[in-house]
Every structure is written in structure tokens, then in C-alpha cells.
file work39.cif (mmCIF, C-alpha atoms and all ligand atoms)
data_upload
loop_
_atom_site.label_atom_id
_atom_site.label_comp_id
_atom_site.auth_asym_id
_atom_site.auth_seq_id
_atom_site.Cartn_x
_atom_site.Cartn_y
_atom_site.Cartn_z
CA MET A 4 120.22 125.86 54.96
CA ASN A 5 123.32 124.68 56.83
CA LYS A 6 123.46 121.57 58.94
CA ASP A 7 122.79 123.34 62.24
CA GLN A 8 119.74 125.13 60.92
CA LEU A 9 118.44 121.92 59.49
CA LYS A 10 118.92 120.22 62.82
CA LYS A 11 117.10 123.02 64.59
CA GLY A 12 114.27 122.95 62.08
CA LEU A 13 113.73 119.24 62.34
CA THR A 14 111.38 119.20 65.26
CA ALA A 15 107.61 118.92 65.32
CA ILE A 16 105.78 122.19 64.72
CA LYS A 17 104.94 124.11 67.90
CA GLY A 18 101.75 122.80 69.44
CA THR A 19 101.95 119.44 67.70
CA ARG A 20 103.54 116.26 68.92
CA ASP A 21 104.37 112.71 67.96
CA ILE A 22 102.38 109.86 69.37
CA LEU A 23 105.05 107.21 69.64
CA PRO A 24 104.32 103.49 69.33
CA GLU A 25 104.08 102.75 73.04
CA GLU A 26 101.45 105.44 73.49
CA ALA A 27 99.84 104.81 70.11
CA GLN A 28 98.82 101.32 71.16
CA LEU A 29 96.68 102.88 73.90
CA TRP A 30 95.11 105.17 71.30
CA GLN A 31 94.34 102.15 69.16
CA ILE A 32 92.52 100.46 72.05
CA VAL A 33 90.38 103.54 72.72
CA GLU A 34 89.67 104.10 69.03
CA ALA A 35 88.72 100.48 68.45
CA MET A 36 86.45 100.50 71.47
CA ALA A 37 84.74 103.72 70.40
CA LYS A 38 84.16 102.40 66.89
CA SER A 39 82.73 99.12 68.08
CA ILE A 40 80.37 100.83 70.51
CA PHE A 41 79.13 103.36 67.95
CA GLU A 42 78.53 100.59 65.45
CA LEU A 43 76.38 98.84 68.05
CA TYR A 44 74.02 101.80 67.64
CA ALA A 45 74.20 101.62 63.83
CA TYR A 46 76.50 104.61 63.46
CA ARG A 47 78.80 104.65 60.44
CA GLU A 48 82.10 106.35 59.89
CA LEU A 49 82.17 109.48 57.76
CA ARG A 50 85.64 110.76 56.90
CA ALA A 51 85.81 114.37 55.78
CA PRO A 52 88.96 116.27 54.76
CA VAL A 53 91.15 117.89 57.40
CA ILE A 54 91.14 121.13 55.42
CA GLU A 55 88.03 123.11 54.49
CA PRO A 56 87.09 126.51 53.09
CA THR A 57 87.33 129.08 55.89
CA GLU A 58 83.73 130.21 55.33
CA LEU A 59 82.50 126.81 56.45
CA PHE A 60 83.60 127.49 60.01
CA GLU A 61 82.78 131.20 59.98
CA LYS A 62 79.28 130.21 59.05
CA GLY A 63 78.98 127.01 61.04
CA THR A 64 80.86 127.67 64.21
CA GLY A 65 79.66 131.25 64.39
CA ALA A 66 81.56 134.46 63.72
CA SER A 67 81.41 135.57 67.35
CA SER A 68 82.60 132.32 68.88
CA ASP A 69 86.03 132.17 70.48
CA ILE A 70 87.06 129.49 68.03
CA VAL A 71 86.48 131.69 65.02
CA THR A 72 87.69 134.99 66.47
CA LYS A 73 90.83 133.68 68.12
CA GLU A 74 91.68 130.12 67.39
CA MET A 75 91.30 129.18 63.75
CA TYR A 76 94.26 127.66 61.98
CA THR A 77 93.74 129.65 58.79
CA PHE A 78 96.02 130.45 55.89
CA ASN A 79 95.91 131.25 52.20
CA ASP A 80 96.76 128.45 49.81
CA LYS A 81 98.76 129.01 46.62
CA GLY A 82 95.59 129.84 44.75
CA GLY A 83 94.94 132.70 47.20
CA ARG A 84 91.97 130.95 48.75
CA SER A 85 91.50 131.12 52.50
CA VAL A 86 91.51 127.63 53.95
CA THR A 87 91.25 126.39 57.51
CA LEU A 88 92.41 123.27 59.28
CA ARG A 89 89.15 122.19 60.87
CA PRO A 90 88.73 123.32 64.49
CA GLU A 91 85.80 120.96 64.99
CA TYR A 92 83.99 118.34 63.00
CA THR A 93 80.29 119.16 62.90
CA PRO A 94 80.40 121.75 60.06
CA SER A 95 82.26 119.28 57.84
CA VAL A 96 79.60 116.61 58.35
CA VAL A 97 76.87 119.11 57.61
CA ARG A 98 78.66 120.16 54.43
CA ALA A 99 79.07 116.51 53.40
CA ILE A 100 75.39 115.76 53.96
CA ILE A 101 74.33 118.66 51.78
CA GLU A 102 76.99 118.07 49.13
CA HIS A 103 76.04 114.40 48.69
CA ARG A 104 72.38 114.81 49.61
CA LEU A 105 72.77 112.00 52.13
CA ASP A 106 69.33 112.92 53.48
CA LEU A 107 67.74 111.56 50.29
CA GLN A 108 69.44 108.17 50.39
CA GLY A 109 67.33 106.56 53.06
CA PHE A 110 70.14 105.38 55.32
CA PRO A 111 70.24 106.36 58.98
CA LEU A 112 72.05 109.68 59.29
CA ARG A 113 74.18 108.54 62.19
CA PHE A 114 77.88 109.23 61.84
CA TYR A 115 81.06 109.01 63.84
CA TYR A 116 84.58 110.07 63.21
CA ILE A 117 87.89 109.94 65.07
CA GLY A 118 90.71 112.22 64.06
CA PRO A 119 92.75 115.40 64.43
CA MET A 120 91.32 118.91 64.85
CA PHE A 121 93.32 122.14 64.91
CA ARG A 122 93.16 125.33 66.93
CA TYR A 123 95.72 128.03 66.71
CA ASP A 124 95.70 129.16 70.30
CA ARG A 125 98.68 129.57 72.55
CA PRO A 126 99.99 126.09 73.24
CA GLN A 127 99.93 125.36 76.94
CA LYS A 128 100.39 122.35 79.12
CA GLY A 129 98.13 119.57 77.96
CA ARG A 130 96.71 121.62 75.07
CA TYR A 131 97.87 121.26 71.52
CA ARG A 132 97.27 123.00 68.23
CA GLN A 133 96.68 119.59 66.76
CA PHE A 134 94.45 117.65 69.10
CA HIS A 135 92.15 114.72 68.55
CA GLN A 136 88.48 114.13 68.94
CA ILE A 137 85.96 111.38 68.85
CA ASP A 138 82.90 112.82 67.21
CA VAL A 139 79.33 111.59 66.88
CA GLU A 140 76.45 113.18 64.94
CA VAL A 141 72.81 112.20 64.29
CA PHE A 142 70.53 113.98 61.86
CA GLY A 143 66.80 114.01 61.23
CA GLU A 144 65.76 112.81 64.70
CA LYS A 145 63.66 115.39 66.53
CA ASP A 146 62.67 113.14 69.38
CA PRO A 147 64.39 113.90 72.71
CA ALA A 148 64.87 110.14 73.04
CA VAL A 149 67.84 110.47 70.69
CA ASP A 150 69.36 113.19 72.88
CA ALA A 151 69.27 110.75 75.78
CA GLU A 152 70.48 107.86 73.64
CA ILE A 153 73.69 109.60 72.62
CA VAL A 154 74.33 110.50 76.25
CA GLU A 155 73.80 106.85 77.13
CA MET A 156 76.16 105.82 74.31
CA ALA A 157 78.83 108.22 75.61
CA HIS A 158 78.41 106.72 79.08
CA ARG A 159 78.76 103.22 77.70
CA LEU A 160 82.11 104.15 76.15
CA LEU A 161 83.39 105.93 79.25
CA ASN A 162 82.32 103.01 81.38
CA LYS A 163 84.05 100.54 79.09
CA LEU A 164 87.23 102.62 79.31
CA GLY A 165 87.07 102.59 83.09
CA VAL A 166 86.54 106.33 83.42
CA GLY A 167 85.17 106.84 86.91
CA ASN A 168 83.61 109.64 88.89
CA VAL A 169 81.44 110.88 86.03
CA MET A 170 78.57 113.34 86.17
CA THR A 171 76.33 114.59 83.38
CA LEU A 172 75.49 118.27 83.23
CA VAL A 173 72.47 119.20 81.15
CA ASN A 174 70.75 122.33 80.00
CA SER A 175 68.47 123.66 77.32
CA VAL A 176 69.75 126.70 75.45
CA GLY A 177 66.37 127.36 73.83
CA CYS A 178 65.53 127.87 70.20
CA LYS A 179 65.14 130.59 67.59
CA SER A 180 61.84 131.70 69.08
CA CYS A 181 62.72 131.81 72.78
CA ARG A 182 66.44 132.50 72.89
CA PRO A 183 66.31 136.06 71.50
CA THR A 184 64.03 137.19 74.36
CA TYR A 185 66.45 135.69 76.82
CA GLY A 186 69.39 137.21 74.92
CA GLN A 187 67.84 140.67 75.24
CA ALA A 188 67.26 140.28 78.96
CA LEU A 189 70.80 139.00 79.37
CA ARG A 190 72.36 141.75 77.25
CA LYS A 191 70.55 144.40 79.26
CA VAL A 192 71.90 143.08 82.57
CA ALA A 193 75.37 142.46 81.13
CA LEU A 194 75.63 146.00 79.77
CA GLU A 195 74.59 147.32 83.17
CA SER A 196 77.40 145.36 84.82
CA LEU A 197 80.18 146.18 82.34
CA ASP A 198 82.50 147.50 85.06
CA LYS A 199 82.41 144.12 86.78
CA LEU A 200 83.45 142.18 83.66
CA CYS A 201 86.82 141.49 82.05
CA PRO A 202 87.58 143.23 78.70
CA ASP A 203 86.79 140.02 76.86
CA CYS A 204 83.38 139.72 78.51
CA GLN A 205 82.71 143.43 77.98
CA ARG A 206 83.01 142.72 74.29
CA LYS A 207 80.76 139.66 74.62
CA ALA A 208 78.12 141.70 76.50
CA GLU A 209 77.11 143.40 73.27
CA LEU A 210 77.96 140.65 70.80
CA ASN A 211 76.94 137.46 72.54
CA PRO A 212 76.26 137.82 76.28
CA LEU A 213 75.52 134.09 76.62
CA ARG A 214 79.21 133.49 76.19
CA ILE A 215 79.99 135.35 79.42
CA PHE A 216 79.01 132.19 81.29
CA ASP A 217 82.00 130.47 79.67
CA CYS A 218 84.52 132.92 81.16
CA LYS A 219 86.91 131.24 83.57
CA LEU A 220 87.65 134.39 85.61
CA GLU A 221 86.21 134.30 89.11
CA THR A 222 85.03 137.92 89.04
CA CYS A 223 83.14 137.34 85.79
CA GLN A 224 81.65 134.11 87.11
CA LYS A 225 80.50 135.93 90.24
CA THR A 226 78.89 138.67 88.17
CA ALA A 227 77.33 136.15 85.80
CA SER A 228 75.81 134.26 88.72
CA THR A 229 73.41 137.17 89.20
CA PHE A 230 72.27 137.13 85.55
CA PRO A 231 68.86 135.76 84.50
CA LEU A 232 68.79 132.10 83.49
CA ILE A 233 67.62 130.59 80.21
CA THR A 234 65.54 128.06 82.10
CA ASP A 235 63.07 130.80 82.97
CA PHE A 236 62.71 131.89 79.34
CA LEU A 237 62.16 128.60 77.48
CA CYS A 238 59.17 128.41 75.15
CA ALA A 239 56.63 125.61 75.61
CA GLU A 240 58.23 123.43 72.90
CA CYS A 241 61.75 123.76 74.34
CA ARG A 242 60.49 123.16 77.85
CA GLU A 243 58.69 119.99 76.79
CA HIS A 244 61.71 118.76 74.85
CA PHE A 245 63.93 119.33 77.86
CA GLU A 246 61.56 117.58 80.25
CA LYS A 247 61.28 114.56 77.98
CA PHE A 248 65.05 114.43 77.54
CA LEU A 249 65.43 114.33 81.31
CA SER A 250 62.79 111.64 81.67
CA TYR A 251 64.70 109.44 79.19
CA LEU A 252 67.89 109.99 81.17
CA ASP A 253 65.94 108.81 84.22
CA PHE A 254 64.81 105.83 82.19
CA TYR A 255 68.44 104.91 81.52
CA GLY A 256 69.33 105.48 85.15
CA ILE A 257 71.81 108.22 84.22
CA SER A 258 72.18 110.74 86.99
CA TYR A 259 72.47 114.33 85.90
CA LYS A 260 72.61 117.85 87.17
CA ILE A 261 70.76 120.71 85.50
CA GLU A 262 73.28 123.47 84.88
CA PRO A 263 71.43 126.56 83.59
CA THR A 264 74.66 128.37 82.70
CA LEU A 265 75.94 125.55 80.52
CA VAL A 266 75.88 127.10 77.04
CA ARG A 267 78.89 125.43 75.39
CA GLY A 268 81.29 127.54 73.37
CA LEU A 269 79.43 127.40 70.06
CA ASP A 270 76.77 129.56 68.49
CA TYR A 271 74.79 126.87 66.79
CA TYR A 272 73.31 124.91 69.68
CA THR A 273 69.56 124.76 70.16
CA LYS A 274 67.61 123.07 72.94
CA THR A 275 69.73 120.31 74.49
CA ALA A 276 73.28 121.04 75.62
CA PHE A 277 75.22 118.64 77.80
CA GLU A 278 78.62 117.87 79.21
CA ILE A 279 79.98 114.81 80.92
CA VAL A 280 82.58 115.70 83.52
CA THR A 281 84.85 113.49 85.56
CA GLY A 282 86.31 114.20 88.98
CA ASP A 283 89.50 112.45 87.83
CA LEU A 284 90.47 115.31 85.55
CA GLY A 285 91.11 118.21 87.90
CA SER A 286 89.74 121.62 86.98
CA GLN A 287 89.46 121.06 83.22
CA ASN A 288 87.04 118.32 83.91
CA ALA A 289 84.76 118.06 80.86
CA ILE A 290 85.40 114.86 78.98
CA CYS A 291 82.49 114.97 76.57
CA GLY A 292 80.40 117.85 75.32
CA GLY A 293 77.53 118.02 72.94
CA GLY A 294 74.17 119.35 72.01
CA ARG A 295 71.47 119.82 69.48
CA TYR A 296 71.79 122.08 66.42
CA ASP A 297 68.42 122.01 64.74
CA ASP A 298 68.92 124.99 62.41
CA MET A 299 72.43 124.42 61.15
CA VAL A 300 71.77 122.30 58.06
CA LYS A 301 69.14 124.74 56.86
CA GLU A 302 71.38 127.73 57.51
CA PHE A 303 73.99 126.10 55.30
CA GLY A 304 71.51 126.01 52.47
CA GLY A 305 70.54 122.39 53.04
CA PRO A 306 67.19 120.77 53.79
CA GLU A 307 65.24 121.14 57.02
CA LEU A 308 67.19 118.61 59.04
CA CYS A 309 67.74 118.74 62.77
CA GLY A 310 70.94 117.42 64.29
CA ILE A 311 72.59 116.49 67.55
CA GLY A 312 76.06 115.29 68.42
CA PHE A 313 78.92 115.20 70.86
CA ALA A 314 82.69 115.33 70.86
CA MET A 315 85.19 113.79 73.24
CA GLY A 316 88.79 114.93 73.47
CA LEU A 317 90.98 111.90 72.95
CA GLU A 318 93.95 113.33 74.86
CA ARG A 319 91.78 113.94 77.90
CA LEU A 320 90.05 110.63 77.54
CA LEU A 321 93.38 108.81 77.46
CA SER A 322 94.56 110.64 80.56
CA VAL A 323 91.74 109.09 82.61
CA ALA A 324 91.06 105.80 80.79
CA LYS A 325 92.07 102.70 82.69
CA ILE A 326 93.37 100.49 79.92
CA SER A 327 96.53 98.53 79.36
CA PRO A 328 97.95 97.19 76.15
CA ALA A 329 97.77 93.45 75.96
CA ARG A 330 99.96 91.61 73.52
CA LYS A 331 99.33 87.99 74.19
CA ASN A 332 101.05 86.07 71.46
CA PHE A 333 103.93 88.10 70.20
CA VAL A 334 106.53 85.55 69.07
CA TYR A 335 110.20 86.39 68.73
CA PHE A 336 112.30 84.08 66.57
CA ALA A 337 115.66 82.93 67.93
CA TYR A 338 117.40 81.25 65.04
CA MET A 339 120.98 80.31 64.47
CA GLY A 340 122.47 79.96 61.01
CA GLU A 341 121.35 80.42 57.44
CA GLU A 342 119.24 77.30 57.20
CA ALA A 343 117.42 78.11 60.45
CA LYS A 344 116.76 81.59 59.15
CA LYS A 345 114.93 80.18 56.13
CA GLU A 346 112.98 77.82 58.35
CA SER A 347 112.07 80.81 60.53
CA LEU A 348 110.66 82.63 57.52
CA ARG A 349 108.60 79.60 56.58
CA VAL A 350 107.24 79.12 60.11
CA ALA A 351 106.58 82.86 60.58
CA ARG A 352 104.65 82.92 57.34
CA TYR A 353 102.50 80.05 58.54
CA LEU A 354 101.92 81.47 62.03
CA ARG A 355 100.97 84.88 60.62
CA SER A 356 98.36 83.15 58.47
CA LYS A 357 96.91 81.95 61.81
CA GLY A 358 96.83 85.52 63.14
CA ILE A 359 99.92 85.20 65.32
CA GLU A 360 102.32 88.14 65.53
CA CYS A 361 105.89 87.13 64.60
CA LEU A 362 109.13 89.05 64.64
CA VAL A 363 112.09 87.71 62.69
CA GLU A 364 114.99 90.15 62.92
CA PHE A 365 117.78 89.85 60.40
CA LYS A 366 120.76 90.00 62.70
CA ASP A 367 123.26 87.29 63.57
CA ARG A 368 122.79 86.55 67.24
CA GLY A 369 123.73 83.82 69.64
CA LEU A 370 121.05 82.16 71.76
CA LYS A 371 121.78 84.33 74.79
CA ALA A 372 121.65 87.53 72.79
CA HIS A 373 118.37 86.39 71.27
CA PHE A 374 116.82 85.92 74.70
CA SER A 375 117.92 89.26 76.05
CA ARG A 376 116.56 90.84 72.89
CA ALA A 377 113.19 89.06 73.36
CA ASN A 378 113.05 90.29 76.95
CA LYS A 379 113.86 93.84 75.99
CA ILE A 380 111.07 94.08 73.43
CA GLY A 381 108.50 92.31 75.59
CA ALA A 382 107.95 89.20 73.48
CA ASN A 383 105.55 86.70 75.06
CA TRP A 384 107.17 83.76 73.35
CA VAL A 385 110.55 82.84 71.95
CA LEU A 386 110.59 80.32 69.17
CA ILE A 387 113.92 78.55 68.99
CA ILE A 388 115.28 77.14 65.75
CA GLY A 389 118.80 75.77 65.88
CA GLU A 390 120.57 72.77 64.41
CA ASP A 391 118.87 70.27 66.77
CA GLU A 392 115.43 71.59 65.94
CA LEU A 393 116.16 71.44 62.24
CA SER A 394 117.43 67.87 62.34
CA GLN A 395 114.48 66.67 64.43
CA GLY A 396 111.93 68.60 62.46
CA LYS A 397 110.49 69.92 65.75
CA LEU A 398 110.35 73.47 66.95
CA GLN A 399 110.73 74.69 70.50
CA ILE A 400 108.85 77.53 72.00
CA LYS A 401 109.33 79.14 75.38
CA ASP A 402 106.68 81.01 77.30
CA MET A 403 108.51 84.09 78.59
CA VAL A 404 106.16 84.50 81.56
CA THR A 405 106.07 80.95 82.95
CA SER A 406 109.36 79.79 81.37
CA LYS A 407 107.52 76.63 80.27
CA GLN A 408 108.75 75.10 77.03
CA HIS A 409 106.73 73.32 74.41
CA GLN A 410 107.93 71.25 71.50
CA GLY A 411 106.14 70.43 68.29
CA THR A 412 105.55 71.10 64.64
CA ALA A 413 104.53 74.58 63.48
CA GLU A 414 100.92 73.37 63.35
CA GLU A 415 101.04 72.07 66.93
CA LEU A 416 102.64 75.23 68.21
CA ALA A 417 100.10 77.40 66.42
CA ARG A 418 97.38 75.55 68.30
CA ILE A 419 99.09 76.17 71.64
CA LEU A 420 99.57 79.84 70.82
CA THR A 421 96.03 80.47 69.70
CA ASP A 422 94.66 78.60 72.73
CA LYS A 423 96.74 80.76 75.01
CA ARG A 424 95.55 83.85 73.25
CA SER A 425 91.92 83.13 73.79
CA GLN A 426 92.41 82.61 77.53
ZN ZN B 501 62.22 127.54 72.33
ZN ZN B 502 85.33 137.45 81.66
#
call {"tool": "encode", "arguments": {"input": "work39.cif", "output": "C-alpha cells"}}
result
Amino acid sequence: MNKDQLKKGLTAIKGTRDILPEEAQLWQIVEAMAKSIFELYAYRELRAPVIEPTELFEKGTGASSDIVTKEMYTFNDKGGRSVTLRPEYTPSVVRAIIEHRLDLQGFPLRFYYIGPMFRYDRPQKGRYRQFHQIDVEVFGEKDPAVDAEIVEMAHRLLNKLGVGNVMTLVNSVGCKSCRPTYGQALRKVALESLDKLCPDCQRKAELNPLRIFDCKLETCQKTASTFPLITDFLCAECREHFEKFLSYLDFYGISYKIEPTLVRGLDYYTKTAFEIVTGDLGSQNAICGGGRYDDMVKEFGGPELCGIGFAMGLERLLSVAKISPARKNFVYFAYMGEEAKKESLRVARYLRSKGIECLVEFKDRGLKAHFSRANKIGANWVLIIGEDELSQGKLQIKDMVTSKQHQGTAEELARILTDKRSQ
């Protein structure tokens, strides 16, 4: 490879991107907030590998889903095995539960995870092949109260992140006993209206007519609006579950809209399906989507264990979150000379032990250059160590916002800095 080729090759892979430090600090705020909220509900982090056997998603996500048919990031490894970069998280959690028999260990089966997912679709504005999700899953809780609780938990996070204009859309997609009847009725109507559907939906009409409701084309949506609705086909158990779910949402004071065409893009949902949308997002307005998947663990060869969960797209969440990074005691060291440099190292070591962020750069600079450097990088404080400070055994620190100066020993300054931080 010559130099030019190398240069050309040294960019991020199509559909992926770098999250540079300035942006990454916003990600850290959102991630930390999500973790702390989930832990308030006794959820624990479960980290599964990014890469899984392809069958996991063919089985879990459903062979007829758009993800599996069009969007999987699949390749053969050197051993000739087909592997897939996970397109979603739920199948991995289910696999982990079965593999480690977590259901037998007696701990709450409440998990969260934050990390990258991969879909090999055509990269377009705002959509990436590597994207990121916040994911939450609960297992072994049949009660519709848990369906409402995870919706409430999602709202708590969105509220904390300042996401406004939110609305919750809810539906029941039925279960093994009532959905087939609905599916038949739907298939019949869909096959009768083939000429009014796009080629993609024509294919879905036979394979999985429910998915036609997901089509974004106006003509298909118009046609689908005449189709029968699942709500009229629910069995007594599904109906009762749905009604109770709604009554718990009322209990929490969460306003919702019943959306009978909300089926979500996955095969495995049963009963509850929901989406939280925000008016701040434009047309692609879903910020959180989830639902119940009561048969999935069993279908994977595991125990009879119902499940429910949701995912939030981090990129979308960040585009509407109202947060700002706050560094409150970032101290830049302005030192002059070799002896002051050593003193800086000693003081920085002490301040760091008190939880104060210190930057000592190893460049010879004059006082003026030090200050313009501190300004440029957004330091809150400049700690000055020159000959005078060394001879007096006192340090000087300048507040870069108020321009106020303080003098004192490292211990005294640490107190000032930590006081300021807690304000
Ligand atoms: Zn049912
Ligand atoms: Zn269509």
C-alpha cells in the first residue's frame, strides 16, 4: 500500500463515526444518568459480547423481520462460522440467561445495558451502521404492573434529561392464542389489496402482514388504515392484561394514546407494545420503544420465563436532551521553572487525591502564555507557581470566571476548590 492509499484508507468505516471528547462528555452525562436511574429500580448491568452466532438473531429477532432480511451485519469468521454484530440486545440477554441459568439464582432478573448495536443498512443522514442503545429488560414478571413500571422508568429518565413534548403510544399485539386469528383476517384483507401495496408490503402480505403497518409509504399507510385491528381480536387474557397495564399508567399519571397499528418491527412481541415519541424530533419521532416477549426464552430452549423491555436510541436521545457539560473545578497549572514544575507535580498529586481535576502540561511557558492556554481549554482555575510562591510557601489560584484570586497552602486551596464545587 503506498502512502496515498494508506491516507485514503485511514478514515472511519462507512456508517461509523468517532465521538470526539467534546461530544463524548455529553454521552457520559446521559449514560451516568441512565445507570443511576435504572439502579434506583434495582436493575443491574449485564454486558454481553458485541458479536454473536448469526442463528441467535435469526431465531430471536425473527427470520421475516426487516432487521434479519435486510440489515444484519453478518460475515464469516476465519473458522467459517457465520457471526453477526448484534443488531439489538434482547436476544443476547436471553442467551445469557439460559447459558448461565440466571433464572435459578434467585436474584431479580432486571438488567440494563448501554452500548453499540450494528445494522448494515444504507447509511443515511442521522443513521449509522454502528449506533448506540440504552436497553432495559425484565424477566419472570407476568404482572402488567411491571409493563407500566418500565414505562414510568423511561419517563423518569427522559424527564431528567429535559426531553419535552413526550407522548406514550400503547398497544397490545396479542399472544400465541389470539394473534393467529387476527393474522389470518389481516392476511386475507392484505392479499385482496395487493395492487394497492408497495412491492415490499406485497411480500409482507403473505409472510407477515402485521408488518405492513410499519411501512412509511403514504399509499400503504392509507391502505393499511382500512385493515382490521388487533384490538378487536384480543383474547380475554390479553384484553385483561392490556386494561390493567393502562390502569397502572393512569395510576402513575402517564398520559397515553392507544395506537392499534403499533406493532413494532420485531416478531417476538406479545401483549404489550409501546413507544414514547417526542414532538422535538421531527418525523422520526420515536425515542423509546419496547414491549413484552413472553415466549422468547422458551423458544430459545430455556425455561418458561416471560420478559419485557425497551430500548432507547442514544443518538436520538442526545439530539433532544437538554444537558450541558459542567466542569467545575478543572485546575490548570501555570508554573515557571524547574523547581516550580516539581512543586506543581506535588500539589497536583495532592489535589487529585481530593478529587480535583488537575492539568500540568510539560511545556515551557511564560505567565501570559499559560493564561491564554488556560482560557483556550476552558480551565475554571489557574494555579500559579512561580519564584515568589515558592519562596513564600504559598500558592495562588485564580478563578477564571470571577477573576478573584486566593492565596494559601495546597490544603487551604483544596478546601476552597471543593467548596466551590459543591455549590
Ligand atoms: Zn391473547
Ligand atoms: Zn409498503
call {"tool": "residues_near_ligand", "arguments": {"input": "work39.cif", "ligand": "ligand ZN 501 (chain B)", "cutoff": "9 Å", "atoms": "only C-alpha atoms and all ligand atoms", "output": "list in words"}}
result
Ser175, Val176, Gly177, Cys178, Lys179, Ser180, Cys181, Arg182, Phe236, Leu237, Cys238, Ala239, Glu240, Cys241, Arg242, Thr273 and Lys274 of chain A
call {"tool": "residues_around", "arguments": {"input": "work39.cif", "residues": "Phe41 in chain A", "least_positions_apart": "5", "cutoff": "9 Å", "atoms": "only C-alpha atoms", "output": "VMD selection string"}}
result
chain A and resid 36 46 to 47 114 to 115 139 156 160
call {"tool": "write_last_selection", "arguments": {"input": "work39.cif", "atoms": "C-alpha atoms", "output": "PDB file, in the frame of the given file"}}
result
ATOM      1  CA  MET A  36      86.450 100.500  71.470  1.00  0.00           C
ATOM      2  CA  TYR A  46      76.500 104.610  63.460  1.00  0.00           C
ATOM      3  CA  ARG A  47      78.800 104.650  60.440  1.00  0.00           C
ATOM      4  CA  PHE A 114      77.880 109.230  61.840  1.00  0.00           C
ATOM      5  CA  TYR A 115      81.060 109.010  63.840  1.00  0.00           C
ATOM      6  CA  VAL A 139      79.330 111.590  66.880  1.00  0.00           C
ATOM      7  CA  MET A 156      76.160 105.820  74.310  1.00  0.00           C
ATOM      8  CA  LEU A 160      82.110 104.150  76.150  1.00  0.00           C
TER       9      LEU A 160
END
call {"tool": "residues_near_ligand", "arguments": {"input": "work39.cif", "ligand": "ligand ZN 502 (chain B)", "cutoff": "10 Å", "atoms": "all atoms listed in the file", "output": "number ranges by chain"}}
result
A: 199-208, 214-227
call {"tool": "write_last_selection", "arguments": {"input": "work39.cif", "atoms": "C-alpha atoms", "output": "compact mmCIF listing (two decimals), in the coordinates of the input"}}
result
# COMPACT_ATOMS: atom_id res chain seq x y z
CA LYS A 199 82.41 144.12 86.78
CA LEU A 200 83.45 142.18 83.66
CA CYS A 201 86.82 141.49 82.05
CA PRO A 202 87.58 143.23 78.70
CA ASP A 203 86.79 140.02 76.86
CA CYS A 204 83.38 139.72 78.51
CA GLN A 205 82.71 143.43 77.98
CA ARG A 206 83.01 142.72 74.29
CA LYS A 207 80.76 139.66 74.62
CA ALA A 208 78.12 141.70 76.50
CA ARG A 214 79.21 133.49 76.19
CA ILE A 215 79.99 135.35 79.42
CA PHE A 216 79.01 132.19 81.29
CA ASP A 217 82.00 130.47 79.67
CA CYS A 218 84.52 132.92 81.16
CA LYS A 219 86.91 131.24 83.57
CA LEU A 220 87.65 134.39 85.61
CA GLU A 221 86.21 134.30 89.11
CA THR A 222 85.03 137.92 89.04
CA CYS A 223 83.14 137.34 85.79
CA GLN A 224 81.65 134.11 87.11
CA LYS A 225 80.50 135.93 90.24
CA THR A 226 78.89 138.67 88.17
CA ALA A 227 77.33 136.15 85.80
call {"tool": "closest_atom_pairs", "arguments": {"input": "work39.cif", "of": "range 30-144 of chain A", "to": "range 298-312 of chain A", "cutoff": "7 Å", "atoms": "all atoms listed in the file", "output": "JSON lines"}}
result
{"residue": "A:Val97", "atom": "CA", "partner": "A:Val300", "partner_atom": "CA", "distance": 6.0}
{"residue": "A:Ile101", "atom": "CA", "partner": "A:Gly305", "partner_atom": "CA", "distance": 5.5}
{"residue": "A:Val139", "atom": "CA", "partner": "A:Gly312", "partner_atom": "CA", "distance": 5.2}
{"residue": "A:Glu140", "atom": "CA", "partner": "A:Gly312", "partner_atom": "CA", "distance": 4.1}
{"residue": "A:Val141", "atom": "CA", "partner": "A:Ile311", "partner_atom": "CA", "distance": 5.4}
{"residue": "A:Phe142", "atom": "CA", "partner": "A:Gly310", "partner_atom": "CA", "distance": 4.2}
{"residue": "A:Gly143", "atom": "CA", "partner": "A:Cys309", "partner_atom": "CA", "distance": 5.1}
{"residue": "A:Glu144", "atom": "CA", "partner": "A:Cys309", "partner_atom": "CA", "distance": 6.5}
call {"tool": "atom_distance", "arguments": {"input": "work39.cif", "atom1": "CA of Arg376 in chain A", "atom2": "CA of Ala343 in chain A"}}
result
17.8 Å
call {"tool": "closest_residue", "arguments": {"input": "work39.cif", "among": "A:Tyr123, A:Phe277, A:Tyr272, A:Trp384", "to": "Leu249 in chain A", "atoms": "all atoms listed in the file"}}
result
A:Phe277
call {"tool": "closest_residue", "arguments": {"input": "work39.cif", "among": "A:Val149, A:Val166, A:Met75, A:Val33", "to": "Arg122 in chain A", "atoms": "only C-alpha atoms"}}
result
A:Met75
call {"tool": "closest_residue", "arguments": {"input": "work39.cif", "among": "A:Asp402, A:Ile233, A:Met315, A:Arg50", "to": "Lys331 in chain A", "atoms": "all atoms listed in the file"}}
result
A:Asp402
call {"tool": "axis_aligned_box", "arguments": {"input": "work39.cif", "around": "range 249-260 of chain A", "padding_each_side": "3 Å", "output": "JSON"}}
result
{"center_x": 67.7, "center_y": 111.4, "center_z": 83.2, "size_x": 15.8, "size_y": 18.9, "size_z": 14.0}
call {"tool": "closest_residue", "arguments": {"input": "work39.cif", "among": "A:Ala314, A:Tyr353, A:Ala382, A:Tyr92", "to": "Phe333 in chain A", "atoms": "all atoms listed in the file"}}
result
A:Ala382
call {"tool": "atom_distance", "arguments": {"input": "work39.cif", "atom1": "CA of Val280 in chain A", "atom2": "CA of Leu265 in chain A"}}
result
12.3 Å
call {"tool": "atom_distance", "arguments": {"input": "work39.cif", "atom1": "CA of Val404 in chain A", "atom2": "CA of Ile359 in chain A"}}
result
17.4 Å
call {"tool": "closest_residue", "arguments": {"input": "work39.cif", "among": "A:Gln127, A:Arg132, A:Ser250, A:Tyr116", "to": "Leu88 in chain A", "atoms": "all atoms listed in the file"}}
result
A:Arg132
call {"tool": "residues_around", "arguments": {"input": "work39.cif", "residues": "range 167-170 of chain A", "least_positions_apart": "4", "cutoff": "12 Å", "atoms": "only C-alpha atoms", "output": "ChimeraX atom specification"}}
result
/A:154,157-163,257-262,277-285,288-292,320,322-325
call {"tool": "residues_near_point", "arguments": {"input": "work39.cif", "point": "(98.0, 76.6, 69.7)", "cutoff": "12 Å", "atoms": "all atoms listed in the file", "output": "list in words"}}
result
Asn332, Leu354, Lys357, Gly358, Ile359, Ile400, His409, Gln410, Gly411, Thr412, Ala413, Glu414, Glu415, Leu416, Ala417, Arg418, Ile419, Leu420, Thr421, Asp422, Lys423, Arg424, Ser425 and Gln426 of chain A
call {"tool": "closest_residue", "arguments": {"input": "work39.cif", "among": "A:Ala148, A:Leu107, A:Gly293, A:Asn211", "to": "Gly316 in chain A", "atoms": "only C-alpha atoms"}}
result
A:Gly293
call {"tool": "residues_around", "arguments": {"input": "work39.cif", "residues": "Lys191 in chain A", "least_positions_apart": "6", "cutoff": "12 Å", "atoms": "all atoms listed in the file", "output": "list in words"}}
result
Thr184, Tyr185, Leu197, Ala208, Glu209, Leu210, Asn211, Pro212, Leu213, Phe230 and Pro231 of chain A
